[in-house]
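*Asks:* Provided below: target.cif, containing mmCIF, C-alpha atoms.
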data_structure
#
loop_
_atom_site.label_atom_id
_atom_site.label_comp_id
_atom_site.auth_asym_id
_atom_site.auth_seq_id
_atom_site.Cartn_x
_atom_site.Cartn_y
_atom_site.Cartn_z
CA MET A 14 64.92 62.44 82.04
CA LYS A 15 64.38 59.99 84.90
CA THR A 16 61.04 58.28 85.48
CA ALA A 17 60.50 60.16 88.75
CA GLU A 18 60.93 63.47 86.89
CA ILE A 19 58.57 62.32 84.15
CA ARG A 20 55.90 61.33 86.68
CA GLU A 21 55.95 64.82 88.17
CA LEU A 22 54.78 66.16 84.80
CA PHE A 23 51.53 64.13 84.92
CA PRO A 24 49.10 65.80 87.35
CA ILE A 25 46.57 62.95 87.25
CA LEU A 26 49.06 60.48 88.73
CA LYS A 27 49.24 62.45 91.99
CA GLN A 28 45.76 61.45 93.13
CA GLU A 29 44.49 58.63 95.31
CA VAL A 30 41.85 56.13 94.16
CA ASN A 31 39.86 54.27 96.80
CA GLY A 32 42.31 55.40 99.45
CA HIS A 33 45.42 54.23 97.58
CA PRO A 34 47.94 56.09 95.40
CA LEU A 35 46.86 55.63 91.79
CA VAL A 36 48.69 53.02 89.73
CA TYR A 37 47.61 53.58 86.13
CA LEU A 38 48.21 50.48 83.99
CA ASP A 39 45.80 51.14 81.11
CA SER A 40 47.88 53.21 78.71
CA ALA A 41 47.12 50.89 75.80
CA ALA A 42 43.53 52.16 76.07
CA THR A 43 44.59 55.78 76.50
CA SER A 44 47.69 57.43 77.90
CA GLN A 45 47.76 60.15 80.52
CA LYS A 46 48.70 63.71 79.53
CA PRO A 47 51.72 65.72 80.71
CA ILE A 48 51.31 69.29 81.86
CA GLN A 49 52.90 70.55 78.61
CA VAL A 50 50.05 69.08 76.58
CA ILE A 51 47.38 70.35 78.97
CA GLU A 52 48.90 73.83 78.89
CA ALA A 53 49.18 73.80 75.09
CA LEU A 54 45.47 73.05 74.80
CA LYS A 55 44.64 75.69 77.39
CA HIS A 56 46.85 78.30 75.70
CA TYR A 57 45.30 77.68 72.30
CA TYR A 58 41.75 78.23 73.56
CA GLU A 59 42.74 81.22 75.71
CA TRP A 60 44.84 83.05 73.09
CA ASP A 61 44.68 81.66 69.55
CA ASN A 62 41.19 80.21 69.14
CA ALA A 63 39.92 80.92 65.61
CA ASN A 64 39.09 78.95 62.50
CA VAL A 65 41.95 78.01 60.20
CA HIS A 66 42.65 78.73 56.52
CA ARG A 67 39.86 81.32 56.41
CA GLY A 68 40.28 84.51 58.40
CA VAL A 69 42.97 87.05 57.58
CA HIS A 70 42.86 88.45 61.10
CA THR A 71 45.62 87.87 63.62
CA LEU A 72 43.94 85.06 65.57
CA GLY A 73 43.08 83.23 62.36
CA SER A 74 46.69 83.47 61.18
CA ARG A 75 48.03 82.26 64.53
CA ALA A 76 45.58 79.35 64.63
CA THR A 77 46.49 78.33 61.08
CA ASP A 78 50.21 78.50 61.82
CA ALA A 79 49.76 76.38 64.96
CA TYR A 80 47.60 73.83 63.16
CA GLU A 81 49.90 73.44 60.17
CA GLY A 82 52.91 73.50 62.49
CA ALA A 83 51.46 70.46 64.24
CA ARG A 84 51.11 68.70 60.89
CA ALA A 85 54.79 69.33 60.22
CA LYS A 86 55.67 67.82 63.60
CA VAL A 87 53.66 64.67 62.86
CA ALA A 88 55.30 64.32 59.45
CA LYS A 89 58.79 64.60 60.91
CA PHE A 90 57.94 62.34 63.87
CA ILE A 91 57.01 59.37 61.68
CA GLY A 92 59.44 60.10 58.85
CA ALA A 93 57.01 61.17 56.12
CA SER A 94 58.63 62.72 53.05
CA SER A 95 56.10 65.56 52.91
CA GLU A 96 53.59 67.34 55.14
CA GLN A 97 51.07 66.77 52.35
CA GLU A 98 51.15 63.08 53.24
CA ILE A 99 49.66 63.74 56.71
CA ILE A 100 45.87 63.86 57.02
CA PHE A 101 44.49 64.83 60.41
CA THR A 102 41.70 62.50 61.55
CA ARG A 103 39.83 61.67 64.76
CA GLY A 104 42.21 58.75 65.28
CA THR A 105 43.29 55.38 63.96
CA THR A 106 39.72 54.20 63.38
CA THR A 107 38.88 57.13 61.12
CA ALA A 108 42.22 56.88 59.32
CA ILE A 109 41.74 53.21 58.40
CA ASN A 110 38.14 53.87 57.38
CA ILE A 111 39.36 56.54 54.94
CA VAL A 112 41.66 54.02 53.27
CA ALA A 113 38.99 51.31 53.20
CA SER A 114 36.27 53.67 51.93
CA SER A 115 38.28 55.72 49.45
CA TYR A 116 41.23 53.68 48.21
CA ALA A 117 40.02 50.11 48.67
CA LYS A 118 36.55 50.47 47.22
CA ALA A 119 38.02 52.17 44.15
CA VAL A 120 40.63 49.52 43.34
CA LEU A 121 39.12 46.24 44.57
CA ARG A 122 37.27 43.93 42.23
CA GLU A 123 35.47 40.62 42.73
CA GLY A 124 38.00 37.91 43.54
CA ASP A 125 40.69 40.28 44.81
CA GLU A 126 42.14 39.56 48.24
CA ILE A 127 42.52 41.59 51.41
CA VAL A 128 45.03 40.00 53.81
CA LEU A 129 44.79 40.56 57.59
CA THR A 130 45.74 38.71 60.77
CA PRO A 131 43.42 37.28 63.45
CA MET A 132 45.00 39.63 66.03
CA GLU A 133 43.61 42.80 64.45
CA HIS A 134 41.72 45.37 66.51
CA HIS A 135 38.15 45.74 65.28
CA SER A 136 39.18 49.11 63.81
CA ASN A 137 41.46 47.23 61.40
CA LEU A 138 38.98 44.46 60.69
CA ILE A 139 35.43 45.76 60.26
CA PRO A 140 36.33 48.42 57.63
CA TRP A 141 37.87 45.67 55.50
CA GLN A 142 34.85 43.43 56.00
CA GLN A 143 32.70 46.26 54.66
CA ALA A 144 35.07 46.91 51.76
CA ALA A 145 34.98 43.22 50.85
CA LYS A 146 31.17 43.13 50.94
CA ALA A 147 30.98 46.23 48.75
CA THR A 148 33.42 44.99 46.11
CA GLY A 149 33.27 41.20 46.12
CA ALA A 150 36.82 40.92 47.41
CA THR A 151 37.85 38.07 49.71
CA LEU A 152 39.29 38.32 53.22
CA LYS A 153 42.29 36.11 54.00
CA TYR A 154 44.15 35.71 57.28
CA ILE A 155 47.79 35.05 58.03
CA PRO A 156 47.71 32.19 60.59
CA LEU A 157 49.12 32.72 64.06
CA GLN A 158 51.85 30.66 65.67
CA PRO A 159 51.03 28.96 69.01
CA ASP A 160 52.42 31.96 70.93
CA GLY A 161 50.38 34.45 68.88
CA SER A 162 53.20 35.67 66.64
CA ILE A 163 53.27 35.35 62.86
CA SER A 164 55.93 33.79 60.67
CA LEU A 165 57.16 35.28 57.42
CA ALA A 166 56.79 31.84 55.82
CA ASP A 167 53.07 32.02 56.53
CA VAL A 168 53.00 35.57 55.15
CA GLU A 169 54.59 34.29 51.93
CA ASN A 170 52.04 31.49 51.71
CA THR A 171 49.05 33.77 52.33
CA ILE A 172 49.79 36.73 50.04
CA THR A 173 49.29 36.00 46.34
CA ASP A 174 49.11 37.90 43.07
CA ARG A 175 45.38 38.32 43.76
CA THR A 176 46.16 40.22 46.95
CA LYS A 177 45.57 43.94 46.58
CA ILE A 178 45.73 45.11 50.22
CA VAL A 179 47.60 43.83 53.27
CA SER A 180 46.64 45.50 56.57
CA VAL A 181 48.47 44.51 59.75
CA VAL A 182 48.78 45.90 63.26
CA TYR A 183 52.36 46.90 64.12
CA VAL A 184 51.93 46.07 67.83
CA SER A 185 49.04 43.92 69.07
CA ASN A 186 46.93 45.58 71.75
CA VAL A 187 46.31 42.14 73.32
CA LEU A 188 49.39 39.99 72.77
CA GLY A 189 52.02 42.72 72.74
CA VAL A 190 53.43 41.13 69.58
CA ILE A 191 55.68 43.38 67.49
CA ASN A 192 54.95 42.34 63.94
CA PRO A 193 57.62 42.47 61.18
CA VAL A 194 55.69 45.00 59.12
CA LYS A 195 58.72 46.08 57.09
CA GLU A 196 59.27 42.53 55.86
CA ILE A 197 55.53 42.03 55.33
CA ALA A 198 55.46 45.20 53.21
CA GLN A 199 58.27 43.82 51.06
CA ILE A 200 56.33 40.63 50.44
CA ALA A 201 53.14 42.59 49.72
CA HIS A 202 54.88 44.84 47.22
CA LYS A 203 56.45 41.86 45.50
CA HIS A 204 52.90 40.80 44.61
CA GLY A 205 51.76 44.33 43.72
CA ALA A 206 49.70 44.80 46.90
CA LYS A 207 49.55 47.91 49.10
CA MET A 208 50.58 47.79 52.77
CA VAL A 209 48.46 49.40 55.50
CA VAL A 210 49.83 49.59 59.06
CA ASP A 211 47.75 50.08 62.20
CA GLY A 212 50.17 52.13 64.28
CA ALA A 213 47.92 52.89 67.26
CA GLN A 214 50.05 50.89 69.71
CA SER A 215 53.45 51.31 68.05
CA THR A 216 53.68 55.08 67.55
CA PRO A 217 53.63 55.95 71.29
CA HIS A 218 56.31 53.45 72.23
CA MET A 219 58.92 53.13 69.48
CA LYS A 220 60.65 55.10 66.77
CA VAL A 221 58.66 54.93 63.53
CA ASP A 222 59.96 55.70 60.05
CA VAL A 223 57.27 55.14 57.44
CA GLN A 224 59.77 55.50 54.60
CA ASP A 225 61.99 52.81 56.08
CA LEU A 226 58.95 50.56 56.62
CA ASP A 227 57.89 51.41 53.06
CA CYS A 228 54.24 51.12 54.05
CA ASP A 229 51.69 52.74 51.79
CA PHE A 230 49.41 53.90 54.61
CA TYR A 231 49.99 54.30 58.35
CA ALA A 232 47.37 55.21 60.98
CA LEU A 233 47.91 56.62 64.48
CA SER A 234 45.96 57.99 67.45
CA GLY A 235 47.08 61.00 69.47
CA HIS A 236 45.43 59.98 72.74
CA LYS A 237 47.66 56.92 73.11
CA MET A 238 50.83 59.03 72.78
CA CYS A 239 50.24 61.67 75.48
CA GLY A 240 48.02 63.78 73.23
CA PRO A 241 44.33 64.62 73.62
CA THR A 242 41.43 62.44 72.54
CA GLY A 243 39.74 63.00 69.22
CA ILE A 244 42.88 63.62 67.15
CA GLY A 245 45.00 61.29 65.05
CA ALA A 246 46.52 61.08 61.63
CA LEU A 247 46.65 59.08 58.43
CA TYR A 248 49.91 58.90 56.52
CA GLY A 249 49.66 57.94 52.88
CA LYS A 250 52.14 58.00 50.05
CA LYS A 251 51.50 61.18 48.12
CA ALA A 252 50.87 59.50 44.77
CA LEU A 253 48.17 57.31 46.32
CA LEU A 254 46.46 60.13 48.23
CA GLU A 255 46.39 62.35 45.15
CA ASN A 256 44.37 59.75 43.25
CA MET A 257 41.93 59.07 46.10
CA GLU A 258 38.53 60.69 46.44
CA PRO A 259 37.54 62.42 49.71
CA VAL A 260 35.06 60.63 51.98
CA GLU A 261 33.66 63.75 53.68
CA PHE A 262 32.32 66.66 51.67
CA GLY A 263 31.52 70.22 52.64
CA GLY A 264 33.41 73.31 53.61
CA GLU A 265 37.18 73.67 53.81
CA MET A 266 37.98 70.77 51.45
CA ILE A 267 36.78 72.43 48.25
CA ASP A 268 38.54 74.40 45.53
CA HIS A 269 35.62 75.52 43.35
CA VAL A 270 31.88 74.93 43.76
CA ASP A 271 29.17 75.32 41.14
CA LEU A 272 25.52 74.35 41.46
CA TYR A 273 26.12 70.93 39.89
CA GLU A 274 29.86 70.24 40.13
CA SER A 275 32.71 70.86 42.57
CA THR A 276 36.46 70.39 42.66
CA TRP A 277 38.69 69.63 45.62
CA LYS A 278 41.61 71.34 47.27
CA GLU A 279 45.06 69.82 46.97
CA LEU A 280 46.56 67.55 49.60
CA PRO A 281 46.17 67.29 52.51
CA TRP A 282 43.14 69.54 52.82
CA LYS A 283 40.81 67.68 50.45
CA PHE A 284 40.47 65.00 53.17
CA GLU A 285 39.76 67.47 55.99
CA GLY A 286 36.21 68.66 55.36
CA GLY A 287 34.65 71.07 57.84
CA THR A 288 36.30 72.78 60.76
CA PRO A 289 39.16 70.50 61.81
CA ILE A 290 40.22 69.47 65.30
CA ILE A 291 42.47 72.49 65.68
CA GLY A 292 43.08 72.50 69.42
CA GLY A 293 43.63 68.74 69.39
CA ALA A 294 46.21 69.03 66.62
CA VAL A 295 48.08 71.78 68.47
CA ALA A 296 48.14 69.69 71.65
CA LEU A 297 49.27 66.63 69.67
CA GLY A 298 52.18 68.72 68.45
CA ALA A 299 53.04 69.48 72.10
CA ALA A 300 52.84 65.75 72.89
CA ILE A 301 55.30 65.01 70.09
CA ASP A 302 57.67 67.66 71.44
CA PHE A 303 57.45 65.99 74.86
CA LEU A 304 58.05 62.47 73.53
CA GLN A 305 61.04 63.63 71.53
CA GLU A 306 62.46 65.36 74.60
CA VAL A 307 62.26 62.08 76.51
CA GLY A 308 63.51 60.16 73.48
CA MET A 309 61.66 57.36 71.69
CA ASP A 310 64.57 54.95 72.13
CA ASN A 311 64.50 55.65 75.87
CA ILE A 312 60.75 55.07 75.99
CA PHE A 313 61.03 51.77 74.14
CA LYS A 314 63.85 50.59 76.39
CA HIS A 315 61.87 51.56 79.50
CA ASP A 316 58.77 49.73 78.22
CA ILE A 317 60.74 46.56 77.52
CA GLN A 318 62.36 46.63 80.97
CA LEU A 319 58.98 47.02 82.66
CA THR A 320 57.44 44.28 80.53
CA ASN A 321 60.26 41.87 81.32
CA TYR A 322 59.95 42.67 85.02
CA ALA A 323 56.18 42.21 84.90
CA MET A 324 56.49 38.90 83.07
CA GLU A 325 59.00 37.68 85.65
CA ARG A 326 56.81 38.69 88.60
CA MET A 327 53.44 37.70 87.17
CA THR A 328 54.43 34.28 85.85
CA GLN A 329 55.33 33.35 89.42
CA ILE A 330 51.68 33.77 90.46
CA GLU A 331 50.09 30.35 90.61
CA ASP A 332 47.05 29.85 88.34
CA LEU A 333 47.77 33.01 86.36
CA THR A 334 47.89 32.57 82.58
CA VAL A 335 49.81 35.08 80.45
CA TYR A 336 49.01 35.29 76.73
CA GLY A 337 51.41 36.08 73.92
CA PRO A 338 55.10 35.46 73.25
CA THR A 339 57.74 35.51 75.97
CA SER A 340 60.01 37.79 73.91
CA ASN A 341 59.79 40.46 71.18
CA ARG A 342 56.76 42.00 72.83
CA ALA A 343 55.83 45.58 73.69
CA GLY A 344 54.73 47.17 76.97
CA LEU A 345 51.71 45.17 78.06
CA VAL A 346 50.77 41.87 79.69
CA THR A 347 47.42 40.23 79.00
CA PHE A 348 46.35 37.53 81.45
CA ASN A 349 43.64 35.59 83.26
CA LEU A 350 43.60 34.51 86.90
CA GLY A 351 42.13 31.04 87.24
CA ASP A 352 38.40 31.06 86.58
CA VAL A 353 37.90 34.56 87.98
CA HIS A 354 36.17 36.76 85.43
CA PRO A 355 38.50 39.54 84.22
CA HIS A 356 35.92 42.16 85.20
CA ASP A 357 36.01 40.84 88.77
CA VAL A 358 39.81 40.93 88.73
CA ALA A 359 39.74 44.54 87.51
CA THR A 360 37.18 45.48 90.18
CA VAL A 361 39.30 44.13 93.03
CA LEU A 362 42.41 45.78 91.59
CA ASP A 363 40.56 49.08 91.32
CA ALA A 364 39.71 48.84 95.02
CA GLU A 365 43.49 48.71 95.56
CA GLY A 366 44.02 51.80 93.37
CA VAL A 367 45.34 49.78 90.40
CA ALA A 368 43.71 50.58 87.03
CA ILE A 369 43.81 47.85 84.37
CA ARG A 370 41.63 46.93 81.39
CA ALA A 371 39.27 43.94 81.25
CA GLY A 372 37.18 42.66 78.37
CA HIS A 373 37.69 41.52 74.79
CA HIS A 374 39.83 44.59 73.97
CA CYS A 375 38.02 45.13 70.65
CA ALA A 376 39.57 41.88 69.41
CA GLN A 377 36.83 39.26 69.61
CA PRO A 378 38.26 36.98 66.88
CA LEU A 379 41.54 36.86 68.80
CA MET A 380 39.69 36.03 72.02
CA ARG A 381 38.12 33.05 70.23
CA TRP A 382 41.55 32.01 68.98
CA LEU A 383 42.77 32.15 72.59
CA GLU A 384 39.66 30.14 73.58
CA VAL A 385 38.55 32.71 76.14
CA SER A 386 35.70 35.21 76.21
CA SER A 387 37.77 38.01 77.71
CA THR A 388 41.05 38.79 79.44
CA ALA A 389 42.63 41.28 81.82
CA ARG A 390 45.41 43.57 80.57
CA ALA A 391 48.04 45.66 82.29
CA SER A 392 49.77 48.09 79.93
CA PHE A 393 52.78 50.28 80.69
CA TYR A 394 54.18 53.60 79.56
CA LEU A 395 56.99 56.02 80.25
CA TYR A 396 55.54 57.13 83.61
CA ASN A 397 55.25 53.63 85.11
CA THR A 398 57.77 52.06 87.50
CA GLU A 399 58.71 48.67 88.88
CA GLU A 400 56.91 49.72 92.06
CA ASP A 401 53.72 49.94 89.98
CA ILE A 402 54.28 46.33 88.91
CA ASP A 403 54.83 45.33 92.53
CA ARG A 404 51.51 46.98 93.46
CA LEU A 405 49.84 45.06 90.65
CA VAL A 406 51.25 41.75 91.87
CA MET A 407 50.19 42.48 95.45
CA ALA A 408 46.68 43.34 94.27
CA LEU A 409 46.53 40.12 92.25
CA GLN A 410 47.51 38.15 95.34
CA LYS A 411 44.63 39.81 97.21
CA THR A 412 42.33 38.89 94.35
CA LYS A 413 43.41 35.26 94.69
CA GLU A 414 42.59 35.36 98.39
CA TYR A 415 39.19 36.95 97.74
CA PHE A 416 38.20 34.50 95.00
CA GLY A 417 39.99 31.46 96.36
CA HIS A 418 37.09 29.19 95.44
CA ALA A 419 37.43 30.04 91.74
CA ILE A 420 41.16 29.40 91.52
CA GLY A 421 42.97 26.12 91.30
#
Can the structure in the file be given as structure tokens, please?

*Replies:*
Amino acid sequence: MKTAEIRELFPILKQEVNGHPLVYLDSAATSQKPIQVIEALKHYYEWDNANVHRGVHTLGSRATDAYEGARAKVAKFIGASSEQEIIFTRGTTTAINIVASSYAKAVLREGDEIVLTPMEHHSNLIPWQQAAKATGATLKYIPLQPDGSISLADVENTITDRTKIVSVVYVSNVLGVINPVKEIAQIAHKHGAKMVVDGAQSTPHMKVDVQDLDCDFYALSGHKMCGPTGIGALYGKKALLENMEPVEFGGEMIDHVDLYESTWKELPWKFEGGTPIIGGAVALGAAIDFLQEVGMDNIFKHDIQLTNYAMERMTQIEDLTVYGPTSNRAGLVTFNLGDVHPHDVATVLDAEGVAIRAGHHCAQPLMRWLEVSSTARASFYLYNTEEDIDRLVMALQKTKEYFGHAIG
């Protein structure tokens, strides 16, 4: 499927913003949704809306089949060995919090180590800070290379026999770094530690096989991969999930309830208390169907081509600083333009119909490592084109003209 054909499937891209055709370069924050996903959500609420796992009526059966069918699609999409290993969540943040609240607090003891990197999104940092405070464990950080990447030698030097959990982002939402999580998992396991992967930025853009990575937990968000907001998933190895306690209690996740004691359902339902995000799960399944139709290898190749083109064009802009490695990076470019505040850059670009992200990107420790307070970020996806990059560059040139006094 060609990019022009793909773009036709995204209704939101057909609008104008501030008198200009929209150029959407903020997919790392959230992706746009194809018509198939929008229609799947609409169809569910028009025809199948009912609660799952409860009613024996026709709508209840259809809703349950659609919901569990979506779980099967997620399991196959990321290479899980069983549908029982897929827990539906609100997104990556909730998924990581489940691991930190249920697994980590049960196994960590004073003096144990949790190993992270300074490039982690706050969603893969704060839960571990809280787990460390609750258990007496220690946080350790794999140092970054000058370009923001990490070396396996540093991984070897950081992980020890005291390390119980290693949690690393697969693709950095700021630097675009693609981390060697498979090799990191091997090192972690050699020391008896469990490997957690933040897959928020990797799952939409590249083929993922959790069994090949041999990670113990993997978190993803649907809204970054053409699905709706408010739905995501946690993958966990079955043996680990079976021994973990739920973190939310109430209806749907129980097996038997007495006045003073209760027991839980089997996997995956013991982690899905209350009425789940049924419509969101169904639409996520439609998003997975769409991504597989396009082909994950094709999406990754397209992202890399756009990123290389953007790097080539943007590095020619005088006084523009690009952060992160020059190679082995995913579909985004984070930058600053002279002394112009990123929010001002984003405002001028928005006036030209170009949507980018500006701020600390929920990665304040990384901003301090970069010695900046904030940055601008253009992120790409399967519906973007080289013409979008050209529009970005033109808008940046206009920004230079507008803020000439702050540049150079």

*Asks:* With range 179-188 of chain A as the partner and 8 Å as the cut-off, tabulate the residues of range 98-158 of chain A that qualify, each row holding the nearest pair of atoms and their distance in Å to one decimal, using all atoms listed in the file, sorted by chain and rising number, as a tab-separated table.

*Replies:*
residue	atom	partner	partner_atom	distance
A:Ile127	CA	A:Val179	CA	5.9
A:Val128	CA	A:Val179	CA	4.6
A:Leu129	CA	A:Ser180	CA	5.4
A:Thr130	CA	A:Val181	CA	6.5
A:Met132	CA	A:Ser185	CA	6.6
A:Glu133	CA	A:Val182	CA	6.1
A:His134	CA	A:Asn186	CA	7.4
A:Asn137	CA	A:Ser180	CA	7.3

*Asks:* How would you write, as a list of chain:residue names, the residues chosen by the PyMOL selection byres ((chain A and resi 225) around 10) on this structure?

*Replies:*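 Expected selection for the PyMOL selection byres ((chain A and resi 225) around 10) here is A:Ile91, A:Gly92, A:Ala93, A:Lys195, A:Val221, A:Asp222, A:Val223, A:Gln224, A:Leu226, A:Asp227, A:Cys228.
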
*Asks:* Apply the PyMOL selection byres ((chain A and resi 213) around 9) to the structure shown and report the selected residues as a list in words.

*Replies:*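 Selection result, ordered by chain and number: Ala41, Gly104, Thr105, Val182, Tyr183, Val184, Asn186, Asp211, Gly212, Gln214, Ser215, Thr216, Pro217, Ala232, Leu233, Ser234, Gly235, Lys237 and Met238 of chain A.
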
*Asks:* What separation in Å, quoted to one decimal, exists between CA of Asp174 in chain A and CA of Ala201 in chain A?

*Replies:*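 Distance between the two atoms: 9.1 Å.
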
*Asks:* The PyMOL selection byres ((chain A and resi 147) around 10) - which residues does that actually catch in the file I just gave you? List them as a VMD selection string.

*Replies:* chain A and resid 114 117 to 118 121 to 123 141 to 146 148 to 150

*Asks:* Any idea what's packed within 9 Å of Ser162 in chain A, counting all atoms listed in the file, ignoring anything in its chain fewer than 4 positions away? Could you give it as a PyMOL selection string?

*Replies:* chain A and resi 156-158+188+190-192+337-338

*Asks:* Save the residues we just selected, C-alpha atoms, as a PDB file, keeping the file's coordinate frame?

*Replies:*
ATOM      1  CA  PRO A 156      47.710  32.190  60.590  1.00  0.00           C
ATOM      2  CA  LEU A 157      49.120  32.720  64.060  1.00  0.00           C
ATOM      3  CA  GLN A 158      51.850  30.660  65.670  1.00  0.00           C
ATOM      4  CA  LEU A 188      49.390  39.990  72.770  1.00  0.00           C
ATOM      5  CA  VAL A 190      53.430  41.130  69.580  1.00  0.00           C
ATOM      6  CA  ILE A 191      55.680  43.380  67.490  1.00  0.00           C
ATOM      7  CA  ASN A 192      54.950  42.340  63.940  1.00  0.00           C
ATOM      8  CA  GLY A 337      51.410  36.080  73.920  1.00  0.00           C
ATOM      9  CA  PRO A 338      55.100  35.460  73.250  1.00  0.00           C
TER      10      PRO A 338
END

*Asks:* Using all atoms listed in the file for the distances, tell me which of A:Leu253, A:Ile48, A:Val270, A:Glu126 is nearest to His204 in chain A.

*Replies:*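 Of A:Leu253, A:Ile48, A:Val270, A:Glu126, the one nearest His204 in chain A is A:Glu126, counting all atoms listed in the file.
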
*Asks:* Write out as a ChimeraX atom specification which residues come within 8 Å of range 73-78 of chain A when counting only C-alpha atoms, dropping same-chain ones fewer than 6 positions away.

*Replies:* /A:57,61-67,291

*Asks:* What are the centre and edge lengths in Å, to one decimal, of the axis-aligned box around all listed atoms of range 345-358 of chain A with 5 Å added on each side, as AutoDock Vina command-line options?

*Replies:*
--center_x 43.8 --center_y 38.1 --center_z 83.4 --size_x 25.8 --size_y 24.1 --size_z 20.7

*Asks:* Name the residues in contact with range 80-88 of chain A at a cut-off of 9 Å, using all atoms listed in the file, excluding same-chain residues fewer than 2 positions from it; report them as a PyMOL selection string.

*Replies:* chain A and resi 65+75-78+90-101+246+248+290-299+301-302

*Asks:* How many Å separate CA of Asp39 in chain A from CA of Pro241 in chain A?

*Replies:*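 Computing it gives 15.5 Å between the two atoms.
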
*Asks:* Between A:Ile178, A:Ala368, A:Ala300, A:Leu409, which has the minimum distance to Glu52 in chain A (counting all atoms listed in the file)?

*Replies:*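 Nearest candidate to Glu52 in chain A out of A:Ile178, A:Ala368, A:Ala300, A:Leu409: A:Ala300.
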
*Asks:* Give me, please, the distance in Å between CA of Glu365 in chain A and CA of Ile317 in chain A, quoted to one decimal.

*Replies:*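 So the two atoms, CA of Glu365 in chain A and CA of Ile317 in chain A, lie 25.1 Å apart.
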
*Asks:* Pull the neighbourhood of (42.7, 50.7, 81.8) for me: all residues within 12 Å in file coordinates, counting all atoms listed in the file, as a PyMOL selection string.

*Replies:* chain A and resi 35-45+237+345+347+356+359-360+362-363+366-372+374+389-393

*Asks:* Could you dump the residues just selected with C-alpha atoms as a CSV table (one decimal), keeping the file's coordinate frame?

*Replies:*
chain,number,residue,atom,x,y,z
A,35,LEU,CA,46.9,55.6,91.8
A,36,VAL,CA,48.7,53.0,89.7
A,37,TYR,CA,47.6,53.6,86.1
A,38,LEU,CA,48.2,50.5,84.0
A,39,ASP,CA,45.8,51.1,81.1
A,40,SER,CA,47.9,53.2,78.7
A,41,ALA,CA,47.1,50.9,75.8
A,42,ALA,CA,43.5,52.2,76.1
A,43,THR,CA,44.6,55.8,76.5
A,44,SER,CA,47.7,57.4,77.9
A,45,GLN,CA,47.8,60.2,80.5
A,237,LYS,CA,47.7,56.9,73.1
A,345,LEU,CA,51.7,45.2,78.1
A,347,THR,CA,47.4,40.2,79.0
A,356,HIS,CA,35.9,42.2,85.2
A,359,ALA,CA,39.7,44.5,87.5
A,360,THR,CA,37.2,45.5,90.2
A,362,LEU,CA,42.4,45.8,91.6
A,363,ASP,CA,40.6,49.1,91.3
A,366,GLY,CA,44.0,51.8,93.4
A,367,VAL,CA,45.3,49.8,90.4
A,368,ALA,CA,43.7,50.6,87.0
A,369,ILE,CA,43.8,47.8,84.4
A,370,ARG,CA,41.6,46.9,81.4
A,371,ALA,CA,39.3,43.9,81.2
A,372,GLY,CA,37.2,42.7,78.4
A,374,HIS,CA,39.8,44.6,74.0
A,389,ALA,CA,42.6,41.3,81.8
A,390,ARG,CA,45.4,43.6,80.6
A,391,ALA,CA,48.0,45.7,82.3
A,392,SER,CA,49.8,48.1,79.9
A,393,PHE,CA,52.8,50.3,80.7

*Asks:* As a PDB file, in the coordinates of the input, please: range 353-360 of chain A completed to N, CA, C and O atoms.

*Replies:*
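Okay, this is what ended up in selection-v3.pdb:
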ATOM      1  N   VAL A 353      38.465  33.269  87.587  1.00  0.00           N
ATOM      2  CA  VAL A 353      37.900  34.560  87.980  1.00  0.00           C
ATOM      3  C   VAL A 353      37.658  35.399  86.731  1.00  0.00           C
ATOM      4  O   VAL A 353      38.557  35.556  85.899  1.00  0.00           O
ATOM      5  N   HIS A 354      36.462  35.941  86.605  1.00  0.00           N
ATOM      6  CA  HIS A 354      36.170  36.760  85.430  1.00  0.00           C
ATOM      7  C   HIS A 354      37.072  37.991  85.442  1.00  0.00           C
ATOM      8  O   HIS A 354      37.278  38.614  86.490  1.00  0.00           O
ATOM      9  N   PRO A 355      37.613  38.368  84.273  1.00  0.00           N
ATOM     10  CA  PRO A 355      38.500  39.540  84.220  1.00  0.00           C
ATOM     11  C   PRO A 355      37.871  40.808  84.791  1.00  0.00           C
ATOM     12  O   PRO A 355      38.580  41.633  85.378  1.00  0.00           O
ATOM     13  N   HIS A 356      36.567  40.976  84.626  1.00  0.00           N
ATOM     14  CA  HIS A 356      35.920  42.160  85.200  1.00  0.00           C
ATOM     15  C   HIS A 356      35.991  42.139  86.724  1.00  0.00           C
ATOM     16  O   HIS A 356      36.153  43.189  87.360  1.00  0.00           O
ATOM     17  N   ASP A 357      35.886  40.950  87.316  1.00  0.00           N
ATOM     18  CA  ASP A 357      36.010  40.840  88.770  1.00  0.00           C
ATOM     19  C   ASP A 357      37.439  41.133  89.212  1.00  0.00           C
ATOM     20  O   ASP A 357      37.671  41.781  90.243  1.00  0.00           O
ATOM     21  N   VAL A 358      38.400  40.631  88.429  1.00  0.00           N
ATOM     22  CA  VAL A 358      39.810  40.930  88.730  1.00  0.00           C
ATOM     23  C   VAL A 358      40.035  42.437  88.700  1.00  0.00           C
ATOM     24  O   VAL A 358      40.637  43.021  89.616  1.00  0.00           O
ATOM     25  N   ALA A 359      39.543  43.100  87.653  1.00  0.00           N
ATOM     26  CA  ALA A 359      39.740  44.540  87.510  1.00  0.00           C
ATOM     27  C   ALA A 359      39.053  45.314  88.631  1.00  0.00           C
ATOM     28  O   ALA A 359      39.566  46.340  89.093  1.00  0.00           O
ATOM     29  N   THR A 360      37.911  44.805  89.100  1.00  0.00           N
ATOM     30  CA  THR A 360      37.180  45.480  90.180  1.00  0.00           C
ATOM     31  C   THR A 360      37.953  45.421  91.487  1.00  0.00           C
ATOM     32  O   THR A 360      38.068  46.427  92.207  1.00  0.00           O
TER      33      THR A 360
END
